[in-house]
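Raw contents of target-v8.tsv, TSV, C-alpha atoms:
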chain	number	residue	atom	x	y	z
A	1	MET	CA	109.27	190.44	35.12
A	2	ILE	CA	106.50	187.87	34.70
A	3	LYS	CA	108.60	185.35	36.59
A	4	ILE	CA	109.08	187.76	39.51
A	5	VAL	CA	105.36	188.52	39.70
A	6	ALA	CA	104.57	184.81	39.54
A	7	MET	CA	107.06	184.10	42.35
A	8	VAL	CA	105.59	186.85	44.54
A	9	TRP	CA	102.10	185.47	44.00
A	10	LEU	CA	103.34	181.96	44.75
A	11	MET	CA	104.98	183.10	48.00
A	12	PHE	CA	101.82	184.99	48.94
A	13	ALA	CA	99.69	181.92	48.24
A	14	VAL	CA	101.99	179.69	50.29
A	15	ALA	CA	101.93	182.16	53.18
A	16	VAL	CA	98.12	182.37	53.13
A	17	PHE	CA	97.81	178.60	52.92
A	18	ALA	CA	100.25	178.12	55.79
A	19	ALA	CA	98.42	180.63	57.97
A	20	ASP	CA	95.10	178.91	57.37
A	21	ASP	CA	96.47	175.45	57.88
A	22	ASP	CA	98.92	175.96	60.76
A	23	ALA	CA	99.01	173.05	63.14
A	24	LEU	CA	96.26	172.76	65.69
A	25	GLN	CA	97.59	173.01	69.24
A	26	PRO	CA	95.81	171.06	71.96
A	27	VAL	CA	94.58	173.24	74.81
A	28	ALA	CA	95.82	171.91	78.16
A	29	ASN	CA	92.83	173.14	80.12
A	30	PRO	CA	89.78	173.38	77.86
A	31	LYS	CA	87.38	174.40	80.63
A	32	PRO	CA	87.70	178.21	80.18
A	33	ILE	CA	87.17	177.82	76.43
A	34	LEU	CA	84.12	175.63	76.96
A	35	LEU	CA	82.71	178.13	79.47
A	36	ASP	CA	83.33	180.96	77.00
A	37	LEU	CA	81.60	178.97	74.27
A	38	GLN	CA	78.64	178.25	76.51
A	39	PHE	CA	78.41	181.92	77.55
A	40	LYS	CA	78.48	183.13	73.94
A	41	MET	CA	75.96	180.55	72.78
A	42	SER	CA	73.60	181.20	75.71
A	43	SER	CA	72.32	184.32	73.98
A	44	LEU	CA	71.46	182.28	70.91
A	45	LYS	CA	67.68	181.93	70.73
A	46	SER	CA	67.47	180.23	67.38
A	47	VAL	CA	69.61	179.24	64.43
A	48	TYR	CA	69.04	178.39	60.79
A	49	LEU	CA	71.76	176.46	58.89
A	50	ASP	CA	72.03	175.01	55.43
A	51	PHE	CA	74.23	171.93	55.31
A	52	THR	CA	75.98	169.60	52.91
A	53	GLN	CA	76.63	166.14	54.29
A	54	GLU	CA	79.53	164.19	52.80
A	55	ARG	CA	79.73	160.54	53.63
A	56	ARG	CA	83.28	159.43	52.90
A	57	LEU	CA	83.77	155.69	52.63
A	58	LYS	CA	87.17	154.35	51.61
A	59	LEU	CA	85.54	152.18	48.96
A	60	PHE	CA	84.03	155.11	47.09
A	61	ALA	CA	86.15	157.44	45.00
A	62	GLU	CA	83.72	160.30	45.57
A	63	PRO	CA	81.85	161.24	48.75
A	64	LEU	CA	78.16	160.36	49.00
A	65	LYS	CA	76.49	163.73	49.31
A	66	SER	CA	73.20	164.96	50.66
A	67	GLU	CA	71.89	168.44	51.41
A	68	GLY	CA	69.48	169.95	53.82
A	69	VAL	CA	68.76	172.37	56.62
A	70	MET	CA	69.03	172.30	60.38
A	71	LEU	CA	66.84	174.59	62.46
A	72	ILE	CA	67.05	175.02	66.21
A	73	GLY	CA	64.49	177.05	68.11
A	74	GLU	CA	63.25	177.53	71.64
A	75	PRO	CA	62.42	175.67	73.78
A	76	ASP	CA	64.77	172.86	72.68
A	77	GLN	CA	63.18	172.44	69.27
A	78	ILE	CA	65.12	170.96	66.39
A	79	ARG	CA	64.31	170.25	62.75
A	80	TRP	CA	66.78	168.27	60.64
A	81	GLU	CA	65.58	168.14	57.05
A	82	THR	CA	67.24	166.42	54.11
A	83	THR	CA	66.26	168.13	50.88
A	84	ALA	CA	68.39	166.21	48.35
A	85	PRO	CA	68.72	163.58	46.97
A	86	PHE	CA	65.56	162.63	48.90
A	87	GLN	CA	63.21	164.51	51.21
A	88	SER	CA	62.92	163.65	54.87
A	89	ILE	CA	62.15	165.67	58.01
A	90	LEU	CA	63.17	164.81	61.57
A	91	LEU	CA	61.62	166.91	64.35
A	92	ALA	CA	62.27	166.75	68.07
A	93	ASN	CA	61.46	168.71	71.20
A	94	HIS	CA	61.89	168.00	74.89
A	95	LYS	CA	58.94	165.60	74.79
A	96	SER	CA	58.86	163.76	71.50
A	97	VAL	CA	60.33	163.08	68.07
A	98	ALA	CA	58.69	162.69	64.66
A	99	GLN	CA	59.85	161.78	61.18
A	100	PHE	CA	58.24	162.50	57.82
A	101	GLU	CA	59.14	161.05	54.43
A	102	GLU	CA	58.12	162.53	51.12
A	103	ASN	CA	55.93	160.06	49.24
A	104	ASP	CA	54.79	161.05	45.75
A	105	GLY	CA	54.58	164.72	46.65
A	106	LYS	CA	52.93	164.15	50.02
A	107	TRP	CA	54.49	164.00	53.46
A	108	GLU	CA	53.96	160.73	55.27
A	109	LYS	CA	54.45	160.62	59.02
A	110	LEU	CA	56.34	157.47	60.03
A	111	LYS	CA	55.41	155.21	62.91
A	112	LEU	CA	58.87	155.42	64.34
A	113	GLY	CA	60.57	152.39	65.74
A	114	PHE	CA	62.19	153.18	69.09
A	115	PRO	CA	61.95	156.96	68.91
A	116	GLN	CA	63.88	157.36	72.17
A	117	MET	CA	67.15	156.61	70.38
A	118	LEU	CA	66.48	159.22	67.69
A	119	LYS	CA	65.37	161.71	70.32
A	120	ARG	CA	68.59	161.23	72.24
A	121	VAL	CA	70.68	161.92	69.13
A	122	MET	CA	68.58	165.00	68.38
A	123	ASP	CA	68.86	166.20	72.01
A	124	GLN	CA	72.64	165.92	71.79
A	125	MET	CA	72.64	167.93	68.57
A	126	VAL	CA	70.67	170.69	70.33
A	127	LEU	CA	73.07	170.68	73.30
A	128	MET	CA	76.08	170.90	70.98
A	129	ASN	CA	74.59	173.78	69.05
A	130	GLN	CA	73.71	175.60	72.26
A	131	GLY	CA	77.28	175.18	73.47
A	132	LYS	CA	76.01	173.23	76.49
A	133	LEU	CA	78.94	170.88	76.34
A	134	ASP	CA	79.09	170.41	80.09
A	135	ALA	CA	75.80	168.50	79.76
A	136	LEU	CA	77.55	166.12	77.40
A	137	THR	CA	80.51	165.30	79.63
A	138	ALA	CA	78.70	162.29	81.08
A	139	ASP	CA	78.76	160.67	77.65
A	140	PHE	CA	81.88	162.19	76.07
A	141	THR	CA	85.47	163.15	76.89
A	142	ILE	CA	85.88	166.64	75.46
A	143	THR	CA	89.17	168.15	74.29
A	144	VAL	CA	89.93	171.40	72.47
A	145	ALA	CA	92.60	172.30	69.93
A	146	THR	CA	93.08	175.66	68.27
A	147	ASN	CA	95.11	177.56	65.72
A	148	ARG	CA	94.78	181.09	64.40
A	149	SER	CA	91.72	180.40	62.29
A	150	LEU	CA	90.02	177.44	63.91
A	151	ALA	CA	88.83	175.94	67.17
A	152	VAL	CA	88.20	172.21	67.13
A	153	LEU	CA	86.20	170.56	69.89
A	154	THR	CA	86.67	166.80	69.90
A	155	LEU	CA	84.15	164.59	71.68
A	156	VAL	CA	85.15	160.97	72.26
A	157	PRO	CA	82.36	158.67	73.51
A	158	LYS	CA	83.05	157.17	76.91
A	159	ASP	CA	80.91	154.10	76.24
A	160	GLU	CA	82.93	151.39	74.53
A	161	ASN	CA	79.90	150.16	72.55
A	162	VAL	CA	79.23	153.64	71.18
A	163	ARG	CA	82.94	154.08	70.45
A	164	SER	CA	82.88	150.93	68.32
A	165	MET	CA	80.55	152.84	65.96
A	166	LEU	CA	81.64	156.46	66.54
A	167	ALA	CA	85.34	156.93	67.30
A	168	ALA	CA	85.12	160.70	67.70
A	169	LEU	CA	83.03	163.69	66.83
A	170	GLU	CA	84.66	167.00	65.92
A	171	ILE	CA	82.99	170.39	65.96
A	172	ARG	CA	84.92	172.98	63.96
A	173	MET	CA	84.32	176.67	64.61
A	174	PRO	CA	86.16	179.96	64.19
A	175	PRO	CA	88.06	180.90	67.37
A	176	ASP	CA	85.38	183.43	68.34
A	177	PHE	CA	82.67	180.74	68.08
A	178	SER	CA	80.70	183.00	65.77
A	179	ALA	CA	79.51	180.09	63.61
A	180	THR	CA	79.61	176.32	63.36
A	181	ARG	CA	81.59	175.49	60.24
A	182	GLU	CA	81.71	171.71	60.26
A	183	VAL	CA	80.87	168.64	62.27
A	184	VAL	CA	82.93	165.55	61.46
A	185	MET	CA	81.96	162.10	62.71
A	186	HIS	CA	84.88	159.67	62.62
A	187	GLU	CA	84.35	155.92	62.56
A	188	PRO	CA	86.83	153.38	63.89
A	189	GLY	CA	87.76	152.07	60.41
A	190	GLY	CA	88.72	155.48	59.03
A	191	ASP	CA	85.45	156.28	57.26
A	192	PHE	CA	83.86	159.56	58.26
A	193	THR	CA	80.91	161.84	57.70
A	194	ARG	CA	81.47	165.56	57.31
A	195	ILE	CA	78.60	167.99	57.72
A	196	ILE	CA	79.53	171.37	56.31
A	197	PHE	CA	77.30	174.21	57.47
A	198	THR	CA	76.70	177.26	55.32
A	199	ARG	CA	74.40	180.27	55.34
A	200	GLU	CA	74.03	180.39	59.08
A	201	ARG	CA	71.33	182.73	60.41
A	202	ARG	CA	71.26	183.38	64.14
A	203	ASN	CA	68.34	184.57	66.26
A	204	VAL	CA	65.82	184.29	63.46
A	205	VAL	CA	62.08	184.18	64.09
A	206	PHE	CA	60.66	180.97	62.69
A	207	PRO	CA	57.10	181.02	61.38
A	208	ALA	CA	54.34	179.05	63.08
A	209	ASN	CA	54.38	175.28	62.55
A	210	THR	CA	58.09	175.18	61.66
A	211	PHE	CA	58.55	172.52	64.35
A	212	ASP	CA	55.02	171.10	64.22
A	213	GLN	CA	55.10	167.33	64.60
A	214	ILE	CA	51.75	166.81	62.89
A	215	LYS	CA	52.00	169.06	59.84
A	216	PRO	CA	55.35	170.84	59.63
A	217	LEU	CA	55.53	173.96	57.51
A	218	GLU	CA	57.14	173.43	54.09
A	219	ILE	CA	60.81	174.37	54.14
A	220	ALA	CA	60.35	176.85	51.27
A	221	ALA	CA	58.01	178.88	53.49
A	222	VAL	CA	60.47	178.69	56.40
A	223	ARG	CA	63.30	179.83	54.13
A	224	ALA	CA	61.26	182.72	52.82
A	225	ALA	CA	60.37	183.80	56.36
A	226	VAL	CA	63.98	183.84	57.54
A	227	GLY	CA	65.21	185.56	54.41
A	228	ASP	CA	67.07	182.57	53.03
A	229	ALA	CA	65.10	181.86	49.91
A	230	PRO	CA	67.45	180.42	47.26
B	231	MET	CA	73.10	154.41	73.95
B	232	HIS	CA	71.86	152.14	71.18
B	233	ARG	CA	71.82	148.86	73.08
B	234	ASN	CA	68.16	148.91	74.14
B	235	PHE	CA	67.05	149.93	70.68
B	236	PHE	CA	68.97	147.09	69.08
B	237	ILE	CA	67.70	144.48	71.53
B	238	LEU	CA	64.11	145.54	70.88
B	239	LEU	CA	64.59	145.58	67.12
B	240	LEU	CA	66.33	142.21	67.23
B	241	ALA	CA	63.37	140.83	69.14
B	242	LEU	CA	60.93	142.22	66.59
B	243	LEU	CA	62.93	140.95	63.64
B	244	ALA	CA	63.42	137.57	65.29
B	245	ALA	CA	59.67	137.32	65.83
B	246	GLY	CA	59.12	138.05	62.18
B	247	CYS	CA	61.76	135.65	60.98
B	248	ALA	CA	60.53	132.83	63.19
B	249	THR	CA	57.17	132.71	61.45
B	250	PRO	CA	56.73	130.51	58.38
B	251	GLN	CA	57.61	132.06	55.06
B	252	PRO	CA	54.84	132.66	52.53
B	253	PRO	CA	55.00	130.71	49.29
B	254	PRO	CA	57.72	132.08	47.01
B	255	GLU	CA	56.60	134.53	44.41
B	256	THR	CA	58.43	135.26	41.22
B	257	ASN	CA	59.42	138.72	40.14
B	258	SER	CA	57.69	139.13	36.81
B	259	PHE	CA	58.97	142.69	36.40
B	260	ARG	CA	62.06	143.37	34.34
B	261	THR	CA	63.50	145.76	36.89
B	262	ALA	CA	67.18	145.20	36.08
B	263	GLN	CA	66.77	146.98	32.76
B	264	LEU	CA	65.89	150.16	34.67
B	265	PHE	CA	69.53	150.54	35.67
B	266	PRO	CA	72.64	151.11	33.55
B	267	ALA	CA	74.94	148.10	33.21
B	268	GLU	CA	77.61	149.93	35.18
B	269	ALA	CA	76.39	152.42	37.76
B	270	LEU	CA	76.18	153.71	41.29
B	271	VAL	CA	72.57	153.79	42.41
B	272	THR	CA	71.35	155.56	45.54
B	273	GLN	CA	68.12	154.37	47.12
B	274	ARG	CA	66.09	155.55	50.08
B	275	GLY	CA	64.14	152.91	51.95
B	276	VAL	CA	61.54	152.70	54.66
B	277	LEU	CA	61.68	149.35	56.44
B	278	THR	CA	58.50	148.40	58.29
B	279	VAL	CA	58.82	145.69	60.92
B	280	HIS	CA	55.67	144.84	62.87
B	281	GLY	CA	54.22	148.29	62.25
B	282	ARG	CA	57.37	150.17	63.23
B	283	GLN	CA	59.26	152.11	60.56
B	284	PHE	CA	62.97	152.73	60.05
B	285	THR	CA	64.61	154.79	57.33
B	286	LEU	CA	67.64	153.46	55.47
B	287	ASN	CA	69.91	154.64	52.67
B	288	GLY	CA	71.26	152.13	50.17
B	289	TYR	CA	74.21	152.63	47.83
B	290	VAL	CA	74.46	149.99	45.10
B	291	ALA	CA	77.55	149.67	42.91
B	292	LYS	CA	76.47	147.68	39.87
B	293	SER	CA	78.63	145.95	37.29
B	294	GLU	CA	77.35	143.58	34.64
B	295	THR	CA	80.48	141.46	34.80
B	296	ARG	CA	81.66	141.95	38.38
B	297	GLY	CA	78.49	141.85	40.46
B	298	LEU	CA	76.60	144.02	42.93
B	299	ARG	CA	77.85	145.74	46.06
B	300	LEU	CA	75.32	147.22	48.50
B	301	ILE	CA	76.11	149.42	51.47
B	302	VAL	CA	73.19	150.23	53.78
B	303	THR	CA	73.40	153.19	56.15
B	304	GLU	CA	71.11	154.66	58.79
B	305	THR	CA	69.89	158.26	58.79
B	306	PHE	CA	73.09	159.76	60.21
B	307	GLY	CA	75.43	157.74	57.99
B	308	GLY	CA	76.44	154.74	60.10
B	309	VAL	CA	76.97	151.59	58.00
B	310	LEU	CA	74.53	148.86	58.98
B	311	ALA	CA	75.22	146.34	56.23
B	312	ASP	CA	77.75	145.76	53.46
B	313	VAL	CA	77.19	142.90	51.06
B	314	LEU	CA	78.73	141.75	47.77
B	315	VAL	CA	76.92	139.50	45.30
B	316	LYS	CA	79.13	138.02	42.59
B	317	PRO	CA	77.76	137.43	39.08
B	318	GLY	CA	77.47	133.69	39.83
B	319	GLY	CA	75.30	134.46	42.84
B	320	GLU	CA	77.95	133.88	45.50
B	321	THR	CA	77.22	136.25	48.41
B	322	PHE	CA	79.72	137.78	50.82
B	323	VAL	CA	78.50	139.60	53.91
B	324	LEU	CA	81.26	142.11	54.53
B	325	LYS	CA	79.58	143.92	57.40
B	326	ALA	CA	76.49	143.43	59.50
B	327	SER	CA	75.91	145.83	62.37
B	328	PRO	CA	73.06	145.68	64.85
B	329	PRO	CA	70.16	145.40	64.27
B	330	PHE	CA	71.17	143.30	61.26
B	331	ARG	CA	72.68	139.86	61.73
B	332	PRO	CA	75.00	138.40	59.07
B	333	ALA	CA	72.46	135.67	58.29
B	334	TRP	CA	69.72	138.26	57.70
B	335	VAL	CA	71.99	140.31	55.48
B	336	LYS	CA	72.66	137.19	53.42
B	337	ASN	CA	69.12	135.76	53.42
B	338	TYR	CA	67.06	138.92	53.11
B	339	ILE	CA	69.10	142.01	52.18
B	340	ALA	CA	71.11	140.17	49.50
B	341	ALA	CA	67.94	138.47	48.27
B	342	ASP	CA	66.12	141.82	48.00
B	343	LEU	CA	69.13	143.28	46.19
B	344	LYS	CA	69.09	140.46	43.60
B	345	CYS	CA	65.33	140.75	43.38
B	346	ILE	CA	65.59	144.31	42.04
B	347	PHE	CA	68.91	144.33	40.25
B	348	GLU	CA	69.15	140.81	38.78
B	349	ASP	CA	66.06	139.64	36.94
B	350	GLY	CA	65.52	135.96	37.46
B	351	ALA	CA	68.45	135.45	39.84
B	352	GLU	CA	66.16	135.45	42.85
B	353	THR	CA	63.11	133.22	42.63
B	354	ASP	CA	61.64	134.22	45.99
B	355	CYS	CA	60.93	137.78	44.99
B	356	PRO	CA	57.70	139.31	46.31
B	357	LEU	CA	58.22	142.58	44.49
B	358	GLN	CA	55.74	145.25	43.50
B	359	MET	CA	56.93	147.89	41.07
B	360	LEU	CA	54.93	151.07	41.64
B	361	SER	CA	56.97	153.07	39.13
B	362	ASP	CA	60.37	152.93	37.47
B	363	THR	CA	61.87	154.33	40.67
B	364	HIS	CA	59.57	152.97	43.36
B	365	PHE	CA	59.55	149.37	44.56
B	366	VAL	CA	57.96	147.51	47.44
B	367	ILE	CA	59.18	144.14	48.68
B	368	GLU	CA	56.91	142.53	51.20
B	369	ARG	CA	57.87	139.35	53.01
B	370	ARG	CA	56.51	137.75	56.14
B	371	GLY	CA	58.01	139.84	58.93
B	372	TYR	CA	58.86	143.01	57.03
B	373	LYS	CA	58.02	145.38	54.22
B	374	LEU	CA	60.65	147.40	52.38
B	375	ASP	CA	59.56	150.49	50.47
B	376	LEU	CA	62.40	151.57	48.19
B	377	ARG	CA	62.88	154.57	45.93
B	378	THR	CA	65.73	155.17	43.54
B	379	VAL	CA	66.78	158.76	44.22
B	380	GLU	CA	70.02	159.05	42.28
B	381	MET	CA	71.77	157.14	39.52
B	382	GLN	CA	75.29	157.76	38.19
B	383	ALA	CA	76.17	155.67	35.16
B	384	GLY	CA	79.79	154.63	34.83
B	385	LEU	CA	82.35	152.04	35.81
B	386	GLN	CA	82.74	151.58	39.55
B	387	PRO	CA	86.14	150.94	41.18
B	388	ALA	CA	87.31	147.32	40.92
B	389	ALA	CA	87.78	147.20	44.70
B	390	MET	CA	83.99	147.45	45.06
B	391	PHE	CA	83.63	143.95	43.71
B	392	ASP	CA	86.53	142.39	45.57
B	393	GLU	CA	85.41	140.59	48.70
B	394	THR	CA	88.78	141.26	50.34
B	395	HIS	CA	88.20	145.04	50.25
B	396	GLY	CA	86.40	146.75	53.09
B	397	GLY	CA	85.21	143.55	54.65
B	398	LYS	CA	84.86	142.29	58.21
B	399	ARG	CA	84.97	145.74	59.75

What is this structure when it is put down as structure tokens?
Amino acid sequence: MIKIVAMVWLMFAVAVFAADDDALQPVANPKPILLDLQFKMSSLKSVYLDFTQERRLKLFAEPLKSEGVMLIGEPDQIRWETTAPFQSILLANHKSVAQFEENDGKWEKLKLGFPQMLKRVMDQMVLMNQGKLDALTADFTITVATNRSLAVLTLVPKDENVRSMLAALEIRMPPDFSATREVVMHEPGGDFTRIIFTRERRNVVFPANTFDQIKPLEIAAVRAAVGDAP
Amino acid sequence: MHRNFFILLLALLAAGCATPQPPPETNSFRTAQLFPAEALVTQRGVLTVHGRQFTLNGYVAKSETRGLRLIVTETFGGVLADVLVKPGGETFVLKASPPFRPAWVKNYIAADLKCIFEDGAETDCPLQMLSDTHFVIERRGYKLDLRTVEMQAGLQPAAMFDETHGGKR
């Protein structure tokens, strides 16, 4: 009897695993999907995400991990904050970018070298999270693959120089685009960085100074305001 | 996308490197004892070049008998430098991406690595130790503010200390 129950459970587990991991099928014409994504994301006014970043290098047995939060607000405001194992805040809007590093309990604003490069990366992150992928087609070739539980958007840089550093960028979402699950950045040599998003909050109201580039509000206060206090 | 940034940073670094070096200073701190004999150490750095600041992450695999391996990444994870220093001092630059040139990785990044992790191995070591986890190295042309943010004691994979692994990417 125990054997039969065990076999049933095993079959059930295999079936569940297979359903979740069925092969991704490339979509011949991704345009309707991209339009649908853009339409659904257009109603998104703001988003709060916790993330775990795993840097996987072939040399290391374990991934190099960091944690943090990503906040996107209107108009085109983004805050990318690493909370562990060090503290650092990157802020950008349509005009400027700023970076703060924690220094003995105090935030120090950096005199950024060549902020335009950082701003461009941050702008692209905002566009991706707003589903405005058509704005990225100048820089990337975009393809889509789906299965029953996942939609994967793959962005391959068109510029050869960029491609020598970033082979492809994948955005993984559920098929209804209701959340961003993961972003994976693949490098030419096989190393990659996976950013796993958790505790997504959409259309939250961020408190004043969340995106302030002179004195940004502490993340604990932001978390408390959006109901995400740990 | 990054080309202009790299050209400008190269110009700044080149300007710094072209100026005469200050007299060598000796590291009188015993910093190596702050780290386990075998460990993986994560450091966060702010590199200041001519008043402009850049953040870097450093991952140091340390072995008393096999050497030091440092991988430097930028904020979003891209590897900028990969260097191996053998116990005898022999240095292998396994990767140098813009803005870092292989010669700079060898002459400055490897030197700074030895400065902190190998007492006495590097004689030109302008190091200030602000705490057990906070170091500043200031040379003509740049200042590196480094903090140890994580330390995992334990043997690191042998491949880390083999110059034929992960090199010349």

Exercise. Go ahead and find all residues with at least one atom no further than 10 Å from (74.2, 168.3, 51.2) in the file's coordinates, using all atoms listed in the file; report them as a PyMOL selection string.
Key: chain A and resi 50-55+64-69+82-85+194-197

Quiz item: Rounded to one decimal in Å, what is the spacing between atom CA of B:Leu324 and atom CA of B:Asn337?
Solution: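 Answer for the atom CA of B:Leu324 to atom CA of B:Asn337 separation: 13.7 Å.
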
Exercise. Quote the spacing between atom CA of A:Phe86 and atom CA of B:Gly275 in Å to one decimal place.
Key: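 So the two atoms, atom CA of A:Phe86 and atom CA of B:Gly275, lie 10.3 Å apart.
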
Exercise. Identify all chain B residues at most 6 Å from chain A by counting only C-alpha atoms; ligands do not count. Present them as number ranges by chain.
Key: B: 282-283, 379

Self-check item: Sphere at (77.7, 168.9, 79.6), radius 12 Å, counting all atoms listed in the file: residues as a list in words
Solution: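 Those within range, by chain then number, are Lys31, Leu34, Leu35, Gln38, Asp123, Gln124, Val126, Leu127, Met128, Gln130, Gly131, Lys132, Leu133, Asp134, Ala135, Leu136, Thr137, Ala138, Asp139, Phe140, Thr141, Ile142 and Leu155 of chain A.
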
Self-check item: Non-local contacts of B:Tyr372 (7 Å; only C-alpha atoms; under 5 positions in same chain excluded) as a list of chain:residue names
Solution: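 What passes the distance filter is B:Leu277, B:Thr278, B:Val279, B:His280.
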
Practice problem: For A:Val205, work out the shell of residues within 10 Å, counting all atoms listed in the file and skipping chain neighbours fewer than 4 positions away, then give it as number ranges by chain. | Solution: A: 45-48, 73, 222, 225-226
